[in-house]
$ cat upload-v8.cif   # mmCIF, C-alpha atoms
data_model
#
loop_
_atom_site.group_PDB
_atom_site.id
_atom_site.type_symbol
_atom_site.label_atom_id
_atom_site.label_comp_id
_atom_site.auth_asym_id
_atom_site.auth_seq_id
_atom_site.Cartn_x
_atom_site.Cartn_y
_atom_site.Cartn_z
ATOM 1 C CA MET A 175 -5.764 -18.016 -10.648
ATOM 2 C CA LEU A 176 -5.478 -18.712 -6.932
ATOM 3 C CA ILE A 177 -5.309 -15.553 -4.797
ATOM 4 C CA SER A 178 -3.235 -15.776 -1.604
ATOM 5 C CA VAL A 179 -4.183 -13.268 1.097
ATOM 6 C CA ILE A 180 -1.381 -12.389 3.543
ATOM 7 C CA LEU A 181 -2.600 -11.145 6.919
ATOM 8 C CA PRO A 182 -0.090 -10.479 9.749
ATOM 9 C CA THR A 183 -1.476 -9.927 13.248
ATOM 10 C CA ARG A 184 -0.484 -9.258 16.831
ATOM 11 C CA ASP A 185 -2.829 -8.936 19.823
ATOM 12 C CA ARG A 186 -5.824 -7.553 17.922
ATOM 13 C CA LEU A 187 -8.471 -10.177 18.514
ATOM 14 C CA ASP A 188 -11.628 -8.319 17.553
ATOM 15 C CA ASP A 189 -10.058 -6.507 14.605
ATOM 16 C CA LEU A 190 -8.584 -9.710 13.201
ATOM 17 C CA HIS A 191 -11.903 -11.516 13.504
ATOM 18 C CA ARG A 192 -13.666 -8.711 11.625
ATOM 19 C CA ALA A 193 -11.056 -8.832 8.854
ATOM 20 C CA LEU A 194 -11.347 -12.610 8.510
ATOM 21 C CA LEU A 195 -15.142 -12.516 8.377
ATOM 22 C CA ALA A 196 -14.962 -9.966 5.549
ATOM 23 C CA ILE A 197 -12.540 -12.162 3.604
ATOM 24 C CA ALA A 198 -14.684 -15.253 4.146
ATOM 25 C CA ALA A 199 -17.683 -13.322 2.748
ATOM 26 C CA GLN A 200 -16.020 -12.852 -0.669
ATOM 27 C CA THR A 201 -18.078 -14.205 -3.554
ATOM 28 C CA HIS A 202 -14.932 -15.343 -5.347
ATOM 29 C CA ARG A 203 -13.939 -18.614 -3.684
ATOM 30 C CA ASP A 204 -10.571 -19.450 -5.269
ATOM 31 C CA PHE A 205 -8.402 -17.993 -2.534
ATOM 32 C CA GLU A 206 -6.364 -18.952 0.519
ATOM 33 C CA VAL A 207 -5.556 -16.917 3.619
ATOM 34 C CA ILE A 208 -2.226 -16.981 5.465
ATOM 35 C CA VAL A 209 -2.580 -15.506 8.966
ATOM 36 C CA VAL A 210 0.861 -14.822 10.458
ATOM 37 C CA ASP A 211 0.770 -14.333 14.238
ATOM 38 C CA ASP A 212 3.805 -12.279 15.214
ATOM 39 C CA GLY A 213 4.216 -12.762 18.954
ATOM 40 C CA SER A 214 0.672 -12.296 20.266
ATOM 41 C CA SER A 215 0.058 -13.108 23.922
ATOM 42 C CA ASN A 216 -0.659 -16.755 24.728
ATOM 43 C CA THR A 217 -4.394 -16.118 25.154
ATOM 44 C CA ALA A 218 -4.681 -14.093 21.950
ATOM 45 C CA ARG A 219 -2.708 -16.630 19.938
ATOM 46 C CA GLN A 220 -4.848 -19.517 21.103
ATOM 47 C CA ARG A 221 -8.084 -17.688 20.346
ATOM 48 C CA ASN A 222 -6.771 -16.571 16.954
ATOM 49 C CA GLN A 223 -5.775 -20.091 16.009
ATOM 50 C CA GLU A 224 -9.132 -21.487 17.054
ATOM 51 C CA PHE A 225 -11.018 -18.811 15.121
ATOM 52 C CA VAL A 226 -8.945 -19.294 11.963
ATOM 53 C CA ALA A 227 -9.639 -23.039 12.111
ATOM 54 C CA THR A 228 -13.397 -22.422 11.951
ATOM 55 C CA PHE A 229 -13.076 -21.249 8.327
ATOM 56 C CA GLY A 230 -11.647 -24.518 7.036
ATOM 57 C CA ALA A 231 -8.486 -25.643 5.285
ATOM 58 C CA ARG A 232 -8.153 -22.590 3.042
ATOM 59 C CA PHE A 233 -7.354 -20.470 6.108
ATOM 60 C CA LYS A 234 -3.885 -21.244 7.451
ATOM 61 C CA PHE A 235 -2.422 -20.104 10.773
ATOM 62 C CA VAL A 236 1.323 -19.511 11.115
ATOM 63 C CA TYR A 237 2.802 -18.495 14.455
ATOM 64 C CA LEU A 238 6.243 -16.999 14.954
ATOM 65 C CA GLY A 239 8.370 -17.696 18.029
ATOM 66 C CA VAL A 240 6.865 -17.921 21.501
ATOM 67 C CA PRO A 241 3.809 -15.996 22.736
ATOM 68 C CA GLY A 242 4.570 -12.483 23.923
ATOM 69 C CA GLN A 243 8.006 -12.267 22.379
ATOM 70 C CA ARG A 244 9.186 -9.174 20.562
ATOM 71 C CA GLY A 245 7.740 -9.358 17.067
ATOM 72 C CA VAL A 246 9.799 -9.694 13.909
ATOM 73 C CA GLY A 247 7.880 -6.772 12.403
ATOM 74 C CA LEU A 248 5.288 -6.391 9.670
ATOM 75 C CA SER A 249 7.684 -6.617 6.734
ATOM 76 C CA SER A 250 9.278 -9.864 7.925
ATOM 77 C CA ALA A 251 5.882 -11.322 8.879
ATOM 78 C CA ARG A 252 4.537 -10.578 5.407
ATOM 79 C CA ASN A 253 7.600 -12.154 3.795
ATOM 80 C CA ILE A 254 6.969 -15.320 5.815
ATOM 81 C CA GLY A 255 3.351 -15.254 4.628
ATOM 82 C CA ILE A 256 4.546 -14.940 1.025
ATOM 83 C CA GLU A 257 6.807 -17.980 1.523
ATOM 84 C CA LYS A 258 3.822 -20.026 2.719
ATOM 85 C CA ALA A 259 1.498 -18.795 -0.039
ATOM 86 C CA THR A 260 0.831 -20.880 -3.142
ATOM 87 C CA GLY A 261 -1.202 -18.448 -5.262
ATOM 88 C CA GLN A 262 -0.184 -16.717 -8.487
ATOM 89 C CA LEU A 263 -1.717 -13.508 -7.141
ATOM 90 C CA LEU A 264 -0.860 -11.962 -3.768
ATOM 91 C CA ALA A 265 -3.277 -9.780 -1.800
ATOM 92 C CA PHE A 266 -2.671 -8.160 1.577
ATOM 93 C CA CYS A 267 -4.838 -7.065 4.473
ATOM 94 C CA GLY A 268 -3.988 -5.508 7.827
ATOM 95 C CA ASP A 269 -5.508 -6.998 10.953
ATOM 96 C CA ASP A 270 -7.148 -3.633 11.729
ATOM 97 C CA ASP A 271 -8.430 -3.146 8.159
ATOM 98 C CA PHE A 272 -11.154 -5.026 6.307
ATOM 99 C CA TRP A 273 -12.671 -5.446 2.866
ATOM 100 C CA CYS A 274 -16.102 -3.847 2.797
ATOM 101 C CA THR A 275 -17.381 -5.204 -0.517
ATOM 102 C CA PRO A 276 -17.900 -8.952 -1.093
ATOM 103 C CA ASP A 277 -17.066 -8.806 -4.812
ATOM 104 C CA TYR A 278 -13.565 -7.349 -4.379
ATOM 105 C CA LEU A 279 -11.679 -10.578 -5.188
ATOM 106 C CA ALA A 280 -14.149 -11.411 -7.965
ATOM 107 C CA SER A 281 -13.269 -8.128 -9.667
ATOM 108 C CA VAL A 282 -9.562 -8.797 -9.098
ATOM 109 C CA SER A 283 -9.761 -12.281 -10.619
ATOM 110 C CA ALA A 284 -11.768 -11.143 -13.647
ATOM 111 C CA SER A 285 -9.349 -8.281 -14.303
ATOM 112 C CA PHE A 286 -6.265 -10.493 -14.281
ATOM 113 C CA GLU A 287 -7.977 -13.118 -16.417
ATOM 114 C CA SER A 288 -8.948 -10.485 -18.981
ATOM 115 C CA ARG A 289 -5.412 -9.187 -19.611
ATOM 116 C CA SER A 290 -2.282 -11.306 -19.517
ATOM 117 C CA THR A 291 0.010 -8.282 -19.057
ATOM 118 C CA LEU A 292 -1.807 -7.066 -15.933
ATOM 119 C CA ASP A 293 0.574 -7.016 -12.960
ATOM 120 C CA MET A 294 -1.252 -4.865 -10.396
ATOM 121 C CA TYR A 295 -4.846 -4.220 -9.374
ATOM 122 C CA VAL A 296 -5.577 -1.178 -7.208
ATOM 123 C CA GLY A 297 -8.886 -0.521 -5.438
ATOM 124 C CA TYR A 298 -10.187 2.560 -3.636
ATOM 125 C CA GLN A 299 -10.676 2.842 0.109
ATOM 126 C CA LYS A 300 -12.097 4.942 2.897
ATOM 127 C CA ALA A 301 -10.027 5.738 5.963
ATOM 128 C CA VAL A 302 -11.457 6.144 9.459
ATOM 129 C CA HIS A 303 -10.144 6.661 12.960
ATOM 130 C CA GLY A 304 -11.439 5.230 16.208
ATOM 131 C CA ASP A 305 -12.556 8.640 17.503
ATOM 132 C CA GLY A 306 -14.900 9.142 14.565
ATOM 133 C CA TRP A 307 -12.631 11.155 12.319
ATOM 134 C CA GLY A 308 -12.825 10.015 8.716
ATOM 135 C CA GLN A 309 -11.069 10.538 5.403
ATOM 136 C CA PRO A 310 -13.383 9.187 2.728
ATOM 137 C CA ASP A 311 -11.390 10.590 -0.187
ATOM 138 C CA TRP A 312 -8.094 8.730 0.006
ATOM 139 C CA LEU A 313 -6.717 9.331 -3.507
ATOM 140 C CA LEU A 314 -9.378 11.600 -4.935
ATOM 141 C CA SER A 315 -7.276 12.838 -7.855
ATOM 142 C CA LEU A 316 -6.815 9.250 -9.009
ATOM 143 C CA CYS A 317 -10.585 8.777 -9.148
ATOM 144 C CA LYS A 318 -10.936 11.931 -11.234
ATOM 145 C CA THR A 319 -8.222 10.774 -13.626
ATOM 146 C CA ALA A 320 -9.879 7.366 -13.969
ATOM 147 C CA ARG A 321 -12.792 8.936 -15.829
ATOM 148 C CA TYR A 322 -10.528 9.479 -18.826
ATOM 149 C CA ARG A 323 -8.744 6.122 -18.843
ATOM 150 C CA GLN A 324 -9.373 3.051 -20.989
ATOM 151 C CA PRO A 325 -12.053 0.778 -19.484
ATOM 152 C CA LEU A 326 -10.997 -2.761 -18.656
ATOM 153 C CA LEU A 327 -14.228 -4.265 -17.299
ATOM 154 C CA ASP A 328 -17.083 -3.587 -14.847
ATOM 155 C CA GLY A 329 -15.997 -0.107 -13.782
ATOM 156 C CA VAL A 330 -12.297 -1.017 -13.692
ATOM 157 C CA VAL A 331 -9.943 1.024 -15.876
ATOM 158 C CA LEU A 332 -6.325 0.829 -16.980
ATOM 159 C CA ALA A 333 -4.240 3.351 -15.026
ATOM 160 C CA THR A 334 -0.736 4.576 -15.817
ATOM 161 C CA HIS A 335 2.384 4.809 -13.688
ATOM 162 C CA GLN A 336 2.104 8.576 -13.914
ATOM 163 C CA ASP A 337 -1.490 8.462 -12.618
ATOM 164 C CA LEU A 338 -0.357 6.721 -9.436
ATOM 165 C CA CYS A 339 2.723 8.911 -8.999
ATOM 166 C CA ALA A 340 0.586 12.046 -9.250
ATOM 167 C CA ALA A 341 -2.130 10.796 -6.873
ATOM 168 C CA GLY A 342 -0.680 12.554 -3.820
ATOM 169 C CA GLY A 343 -0.139 9.355 -1.841
ATOM 170 C CA PHE A 344 -0.076 5.634 -2.409
ATOM 171 C CA PRO A 345 -2.651 2.828 -2.138
ATOM 172 C CA GLN A 346 -2.623 0.973 1.171
ATOM 173 C CA LEU A 347 -1.694 -2.706 1.118
ATOM 174 C CA ASN A 348 -5.276 -3.790 1.748
ATOM 175 C CA THR A 349 -6.359 -2.293 -1.585
ATOM 176 C CA PHE A 350 -3.954 -3.727 -4.110
ATOM 177 C CA VAL A 351 -3.129 -7.145 -5.523
ATOM 178 C CA LEU A 352 0.093 -8.109 -7.287
ATOM 179 C CA ARG A 353 1.192 -10.878 -9.571
ATOM 180 C CA ARG A 354 3.534 -13.075 -7.532
ATOM 181 C CA SER A 355 6.288 -12.831 -10.148
ATOM 182 C CA VAL A 356 6.502 -9.067 -9.518
ATOM 183 C CA VAL A 357 6.864 -9.582 -5.771
ATOM 184 C CA GLU A 358 9.659 -12.109 -6.293
ATOM 185 C CA ARG A 359 11.379 -9.854 -8.801
ATOM 186 C CA ILE A 360 11.652 -6.932 -6.375
ATOM 187 C CA GLY A 361 12.919 -9.081 -3.499
ATOM 188 C CA ARG A 362 9.681 -8.923 -1.444
ATOM 189 C CA PHE A 363 9.505 -6.544 1.556
ATOM 190 C CA TRP A 364 12.669 -4.989 2.947
ATOM 191 C CA SER A 365 12.669 -6.264 6.506
ATOM 192 C CA THR A 366 15.203 -3.649 7.646
ATOM 193 C CA LEU A 367 12.598 -0.918 7.234
ATOM 194 C CA THR A 368 10.600 -0.330 10.414
ATOM 195 C CA TYR A 369 8.700 2.662 9.001
ATOM 196 C CA GLU A 370 7.180 3.334 5.573
ATOM 197 C CA GLY A 371 7.779 -0.274 4.560
ATOM 198 C CA ASN A 372 4.408 -0.370 2.798
ATOM 199 C CA SER A 373 5.091 2.647 0.611
ATOM 200 C CA ASP A 374 8.574 1.389 -0.222
ATOM 201 C CA PHE A 375 7.125 -1.970 -1.276
ATOM 202 C CA PHE A 376 4.421 -0.333 -3.382
ATOM 203 C CA TRP A 377 6.731 1.970 -5.334
ATOM 204 C CA ARG A 378 9.293 -0.751 -6.037
ATOM 205 C CA ALA A 379 6.504 -3.040 -7.207
ATOM 206 C CA LEU A 380 4.875 -0.369 -9.367
ATOM 207 C CA ASP A 381 8.183 0.260 -11.099
ATOM 208 C CA GLN A 382 8.219 -3.384 -12.262
ATOM 209 C CA CYS A 383 4.598 -3.568 -13.422
ATOM 210 C CA GLN A 384 3.337 -3.536 -16.966
ATOM 211 C CA ALA A 385 -0.441 -2.991 -17.067
ATOM 212 C CA ILE A 386 -2.175 -1.598 -13.958
ATOM 213 C CA ALA A 387 -5.899 -1.820 -13.183
ATOM 214 C CA PHE A 388 -7.697 0.715 -10.997
ATOM 215 C CA ASN A 389 -11.145 0.316 -9.464
ATOM 216 C CA PRO A 390 -12.531 3.674 -8.227
ATOM 217 C CA ALA A 391 -15.160 1.900 -6.109
ATOM 218 C CA VAL A 392 -14.486 1.614 -2.364
ATOM 219 C CA VAL A 393 -13.300 -1.923 -1.668
ATOM 220 C CA ALA A 394 -11.766 -1.556 1.811
ATOM 221 C CA GLN A 395 -11.773 0.388 5.043
ATOM 222 C CA HIS A 396 -8.428 1.453 6.475
ATOM 223 C CA HIS A 397 -7.881 2.252 10.147
ATOM 224 C CA ALA A 398 -5.797 5.419 9.893
ATOM 225 C CA PRO A 399 -4.091 7.394 12.658
ATOM 226 C CA HIS A 400 -5.468 10.876 13.157
ATOM 227 C CA PRO A 401 -3.115 13.369 11.441
ATOM 228 C CA ALA A 402 -2.962 15.471 14.617
ATOM 229 C CA LYS A 403 -1.687 12.473 16.578
ATOM 230 C CA THR A 404 0.981 11.111 14.246
ATOM 231 C CA ALA A 405 3.935 13.195 15.437
ATOM 232 C CA ASN A 406 6.117 11.256 17.869
ATOM 233 C CA ALA A 407 8.087 14.303 18.933
ATOM 234 C CA LYS A 408 6.565 16.763 21.394
ATOM 235 C CA HIS A 409 9.054 19.637 21.120
ATOM 236 C CA THR A 410 8.450 22.128 18.313
ATOM 237 C CA ALA A 411 12.147 22.545 17.573
ATOM 238 C CA ILE A 412 12.596 18.797 17.017
ATOM 239 C CA ILE A 413 9.541 18.592 14.774
ATOM 240 C CA LYS A 414 10.851 21.520 12.683
ATOM 241 C CA LEU A 415 14.238 19.837 12.431
ATOM 242 C CA ALA A 416 12.615 16.589 11.243
ATOM 243 C CA VAL A 417 10.644 18.449 8.558
ATOM 244 C CA SER A 418 13.816 20.212 7.465
ATOM 245 C CA CYS A 419 15.634 16.867 7.167
ATOM 246 C CA LYS A 420 12.753 15.560 5.082
ATOM 247 C CA GLY A 421 13.187 18.562 2.797
ATOM 248 C CA ASP A 422 16.889 17.804 2.390
ATOM 249 C CA LEU A 423 16.155 14.182 1.514
ATOM 250 C CA LEU A 424 13.505 15.165 -1.048
ATOM 251 C CA ARG A 425 15.942 17.591 -2.649
ATOM 252 C CA LYS A 426 18.507 14.834 -3.098
ATOM 253 C CA VAL A 427 15.876 12.587 -4.681
ATOM 254 C CA CYS A 428 14.834 15.447 -6.941
ATOM 255 C CA LEU A 429 18.389 16.111 -8.107
ATOM 256 C CA LYS A 430 18.927 12.405 -8.779
ATOM 257 C CA LEU A 431 15.791 12.324 -10.921
ATOM 258 C CA VAL A 432 17.061 15.327 -12.888
ATOM 259 C CA GLU A 433 20.270 13.391 -13.604
ATOM 260 C CA GLN A 434 18.086 10.603 -14.988
ATOM 261 C CA GLN A 435 16.099 13.115 -17.076
ATOM 262 C CA ALA A 436 12.879 12.121 -15.278
ATOM 263 C CA MET A 437 11.741 15.726 -15.200
ATOM 264 C CA LYS A 438 8.086 15.252 -14.292
ATOM 265 C CA SER A 439 8.951 13.078 -11.291
ATOM 266 C CA ALA A 440 11.744 15.501 -10.370
ATOM 267 C CA TYR A 441 9.252 18.370 -10.347
ATOM 268 C CA LEU A 442 6.898 16.471 -8.008
ATOM 269 C CA MET A 443 9.760 15.725 -5.586
ATOM 270 C CA GLY A 444 11.093 19.278 -5.856
ATOM 271 C CA ARG A 445 7.702 20.756 -5.040
ATOM 272 C CA GLN A 446 7.401 18.585 -1.915
ATOM 273 C CA ALA A 447 10.936 19.553 -0.890
ATOM 274 C CA LEU A 448 10.006 23.220 -1.229
ATOM 275 C CA ALA A 449 6.984 22.743 1.034
ATOM 276 C CA ALA A 450 9.140 21.040 3.662
ATOM 277 C CA ARG A 451 11.973 23.555 3.519
ATOM 278 C CA PHE A 452 11.400 26.852 1.723
ATOM 279 C CA SER A 453 14.127 28.979 0.179
ATOM 280 C CA ILE A 454 14.123 31.518 -2.651
ATOM 281 C CA LYS A 455 16.901 29.629 -4.429
ATOM 282 C CA TRP A 456 15.032 26.316 -4.332
ATOM 283 C CA ALA A 457 11.752 27.989 -5.310
ATOM 284 C CA THR A 458 13.505 29.324 -8.417
ATOM 285 C CA TYR A 459 14.819 25.843 -9.167
ATOM 286 C CA VAL A 460 11.349 24.304 -8.814
ATOM 287 C CA LEU A 461 9.990 26.955 -11.202
ATOM 288 C CA TRP A 462 12.663 25.904 -13.702
ATOM 289 C CA LEU A 463 11.621 22.265 -13.188
ATOM 290 C CA LEU A 464 7.998 23.192 -13.855
ATOM 291 C CA ILE A 465 8.974 24.639 -17.225
ATOM 292 C CA LYS A 466 11.229 21.705 -18.100
ATOM 293 C CA GLN A 467 8.735 19.000 -17.123
ATOM 294 C CA ARG A 468 6.083 20.453 -19.391
ATOM 295 C CA ARG A 469 8.446 19.919 -22.299
ATOM 296 C CA SER A 470 9.583 16.486 -21.164
ATOM 297 C CA PRO A 471 7.910 13.135 -22.029
ATOM 298 C CA THR A 472 8.908 11.598 -18.648
#
$ encode --input "upload-v8.cif" --output "structure tokens"
Amino acid sequence: MLISVILPTRDRLDDLHRALLAIAAQTHRDFEVIVVDDGSSNTARQRNQEFVATFGARFKFVYLGVPGQRGVGLSSARNIGIEKATGQLLAFCGDDDFWCTPDYLASVSASFESRSTLDMYVGYQKAVHGDGWGQPDWLLSLCKTARYRQPLLDGVVLATHQDLCAAGGFPQLNTFVLRRSVVERIGRFWSTLTYEGNSDFFWRALDQCQAIAFNPAVVAQHHAPHPAKTANAKHTAIIKLAVSCKGDLLRKVCLKLVEQQAMKSAYLMGRQALAARFSIKWATYVLWLLIKQRRSPT
């Protein structure tokens, strides 16, 4: 099964080169790479194209528009990469991330070959920041859960939808591979989203998957923003208002899940809503959800 790797980039010469070198070092050789340059400067684009060409015909360079133009955005760039891809399996990598184990794609290929119903493969990662801050335990609870799941092969296990929903986050794009049919079924990336497009794509894809493989070994390094530097607002009142709005949104999601009788998922959303915006009334409701979800199969 051919694996197509989609890699959008813009003005990150050194980071892109590191990512490409890590892909080229994979022991599994049945793959292609689609590098989508989204408006890099003229110098960067030329250097990127020349560097991509050094890896041979399997590495393809796609450029969008004219150098220096306003980019179409990551979601649209990835959709263009998907259009150009020919593989049955789709993998993704950011230009500032890289795969740190050479047998990552080999494990992916073997897992999909071993089970015809497998739709998603998820690997583990470490996250670091340029100033030295690190977050080695990205989805630690998922690794703990994996100890009790059915082995698939070579340290890879079969995970459940509930395992991933309860992990306290979501796998980054550079750590999971999807069957192309799933990506087409969900309508690819939503290009209208300028923020949280990755998480939206992951959850929609997960909802359509049958079997899911999880590899608790670190397969990639993610360049993460420092949590103390992620707030765009500088005024405390605005930040509090944004958190409050998040709480309102999570409450609406929670109530919708209750309507659908998805009580366990409703409890998880309700608990997050309570943390974002506390009230005695909502705390009582979340307590009721806790009791109900323990009696519910979903």
$ resolve_selection --input "upload-v8.cif" --expression "the PyMOL selection byres ((chain A and resi 435) around 12)" --output "MDAnalysis selection string"
chainID A and resid 428:434 436:441 463 466:467 469:472
$ axis_aligned_box --input "upload-v8.cif" --around "segment 176-194 of chain A" --padding-each-side "3 Å" --output "AutoDock Vina command-line options"
--center_x -6.9 --center_y -12.6 --center_z 6.4 --size_x 19.6 --size_y 18.2 --size_z 32.8
$ resolve_selection --input "upload-v8.cif" --expression "the PyMOL selection byres ((chain A and resi 247) around 10)" --output "list of chain:residue names"
A:Pro182, A:Thr183, A:Arg184, A:Asp212, A:Gly213, A:Arg244, A:Gly245, A:Val246, A:Leu248, A:Ser249, A:Ser250, A:Ala251, A:Arg252, A:Ser365, A:Thr366, A:Leu367, A:Thr368
$ residues_around --input "upload-v8.cif" --residues "Asp189 of chain A" --least-positions-apart "5" --cutoff "9 Å" --atoms "all atoms listed in the file" --output "short mmCIF file (atom, residue, chain, number, x, y, z; two decimals) with C-alpha atoms, in the coordinates of the input"
data_model
loop_
_atom_site.label_atom_id
_atom_site.label_comp_id
_atom_site.auth_asym_id
_atom_site.auth_seq_id
_atom_site.Cartn_x
_atom_site.Cartn_y
_atom_site.Cartn_z
CA LEU A 194 -11.35 -12.61 8.51
CA ASP A 269 -5.51 -7.00 10.95
CA ASP A 270 -7.15 -3.63 11.73
CA ASP A 271 -8.43 -3.15 8.16
CA PHE A 272 -11.15 -5.03 6.31
#
$ resolve_selection --input "upload-v8.cif" --expression "the PyMOL selection byres ((chain A and resi 237) around 12)" --output "PyMOL selection string"
chain A and resi 181-184+208-216+218-220+222-223+234-236+238-243+245-246+251+254-255+258
$ atom_distance --input "upload-v8.cif" --atom1 "atom CA of Ala450 of chain A" --atom2 "atom CA of Gly421 of chain A"
4.8 Å
$ residues_near_point --input "upload-v8.cif" --point "(-10.3, -14.5, -8.9)" --cutoff "7 Å" --atoms "all atoms listed in the file" --output "list in words"
Met175, Leu176, Ile177, His202, Asp204, Leu279, Ala280, Val282, Ser283 and Ala284 of chain A
$ closest_residue --input "upload-v8.cif" --among "A:Tyr322, A:Phe376, A:Tyr298, A:Phe363" --to "Thr349 of chain A" --atoms "all atoms listed in the file"
A:Tyr298
$ residues_around --input "upload-v8.cif" --residues "Phe286 of chain A" --least-positions-apart "2" --cutoff "10 Å" --atoms "only C-alpha atoms" --output "ChimeraX atom specification"
/A:175,263,281-284,288-295,351-353,385-387
$ atom_distance --input "upload-v8.cif" --atom1 "atom CA of Arg323 of chain A" --atom2 "atom CA of Ala341 of chain A"
14.5 Å
$ atom_distance --input "upload-v8.cif" --atom1 "atom CA of Ile360 of chain A" --atom2 "atom CA of Arg378 of chain A"
6.6 Å
$ residues_around --input "upload-v8.cif" --residues "Cys317 of chain A" --least-positions-apart "3" --cutoff "6 Å" --atoms "only C-alpha atoms" --output "list of chain:residue names"
A:Leu314, A:Ala320, A:Pro390
$ residues_near_point --input "upload-v8.cif" --point "(-10.6, 0.2, -18.6)" --cutoff "10 Å" --atoms "all atoms listed in the file" --output "list in words"
Ser285, Ala320, Arg321, Tyr322, Arg323, Gln324, Pro325, Leu326, Leu327, Asp328, Gly329, Val330, Val331, Leu332, Ala333, Ile386, Ala387, Phe388 and Asn389 of chain A
$ closest_residue --input "upload-v8.cif" --among "A:Glu224, A:Glu257, A:Asp277, A:Asp374" --to "Ala199 of chain A" --atoms "only C-alpha atoms"
A:Asp277
$ residues_around --input "upload-v8.cif" --residues "His396 of chain A" --least-positions-apart "3" --cutoff "7 Å" --atoms "only C-alpha atoms" --output "VMD selection string"
chain A and resid 271 299 to 302
$ decode --input "upload-v8.cif" --residues "segment 261-273 of chain A" --atoms "N, CA, C and O atoms" --output "CSV table (one decimal), in the first residue's frame"
chain,number,residue,atom,x,y,z
A,261,GLY,N,-1.6,7.7,-3.1
A,261,GLY,CA,-1.5,6.5,-2.2
A,261,GLY,C,-2.9,6.2,-1.6
A,261,GLY,O,-3.8,7.0,-1.5
A,262,GLN,N,-3.0,4.9,-1.2
A,262,GLN,CA,-4.2,4.5,-0.5
A,262,GLN,C,-4.2,4.9,1.0
A,262,GLN,O,-5.2,5.0,1.6
A,263,LEU,N,-3.0,5.2,1.5
A,263,LEU,CA,-2.8,5.7,2.9
A,263,LEU,C,-2.3,7.1,2.8
A,263,LEU,O,-1.4,7.4,2.0
A,264,LEU,N,-2.8,8.0,3.7
A,264,LEU,CA,-2.4,9.4,3.8
A,264,LEU,C,-1.7,9.7,5.1
A,264,LEU,O,-2.4,9.5,6.2
A,265,ALA,N,-0.5,10.2,5.1
A,265,ALA,CA,0.2,10.6,6.3
A,265,ALA,C,0.5,12.1,6.1
A,265,ALA,O,0.5,12.7,5.0
A,266,PHE,N,0.7,12.8,7.3
A,266,PHE,CA,0.9,14.2,7.3
A,266,PHE,C,2.1,14.6,8.1
A,266,PHE,O,2.4,13.9,9.1
A,267,CYS,N,2.7,15.7,7.8
A,267,CYS,CA,3.8,16.2,8.6
A,267,CYS,C,3.9,17.7,8.4
A,267,CYS,O,3.7,18.2,7.3
A,268,GLY,N,4.1,18.4,9.5
A,268,GLY,CA,4.3,19.8,9.5
A,268,GLY,C,5.7,20.1,9.1
A,268,GLY,O,6.6,19.4,9.3
A,269,ASP,N,5.9,21.3,8.5
A,269,ASP,CA,7.3,21.7,8.1
A,269,ASP,C,8.2,22.0,9.3
A,269,ASP,O,9.4,22.0,9.2
A,270,ASP,N,7.6,22.2,10.5
A,270,ASP,CA,8.4,22.4,11.7
A,270,ASP,C,8.4,21.2,12.6
A,270,ASP,O,8.9,21.2,13.7
A,271,ASP,N,7.9,20.1,12.1
A,271,ASP,CA,7.9,18.8,12.9
A,271,ASP,C,8.8,17.8,12.1
A,271,ASP,O,9.1,18.1,11.0
A,272,PHE,N,9.1,16.7,12.7
A,272,PHE,CA,9.8,15.7,12.0
A,272,PHE,C,9.6,14.3,12.7
A,272,PHE,O,9.3,14.2,13.9
A,273,TRP,N,9.8,13.3,11.9
A,273,TRP,CA,9.7,11.9,12.4
A,273,TRP,C,11.0,11.5,12.9
A,273,TRP,O,12.1,11.6,12.2
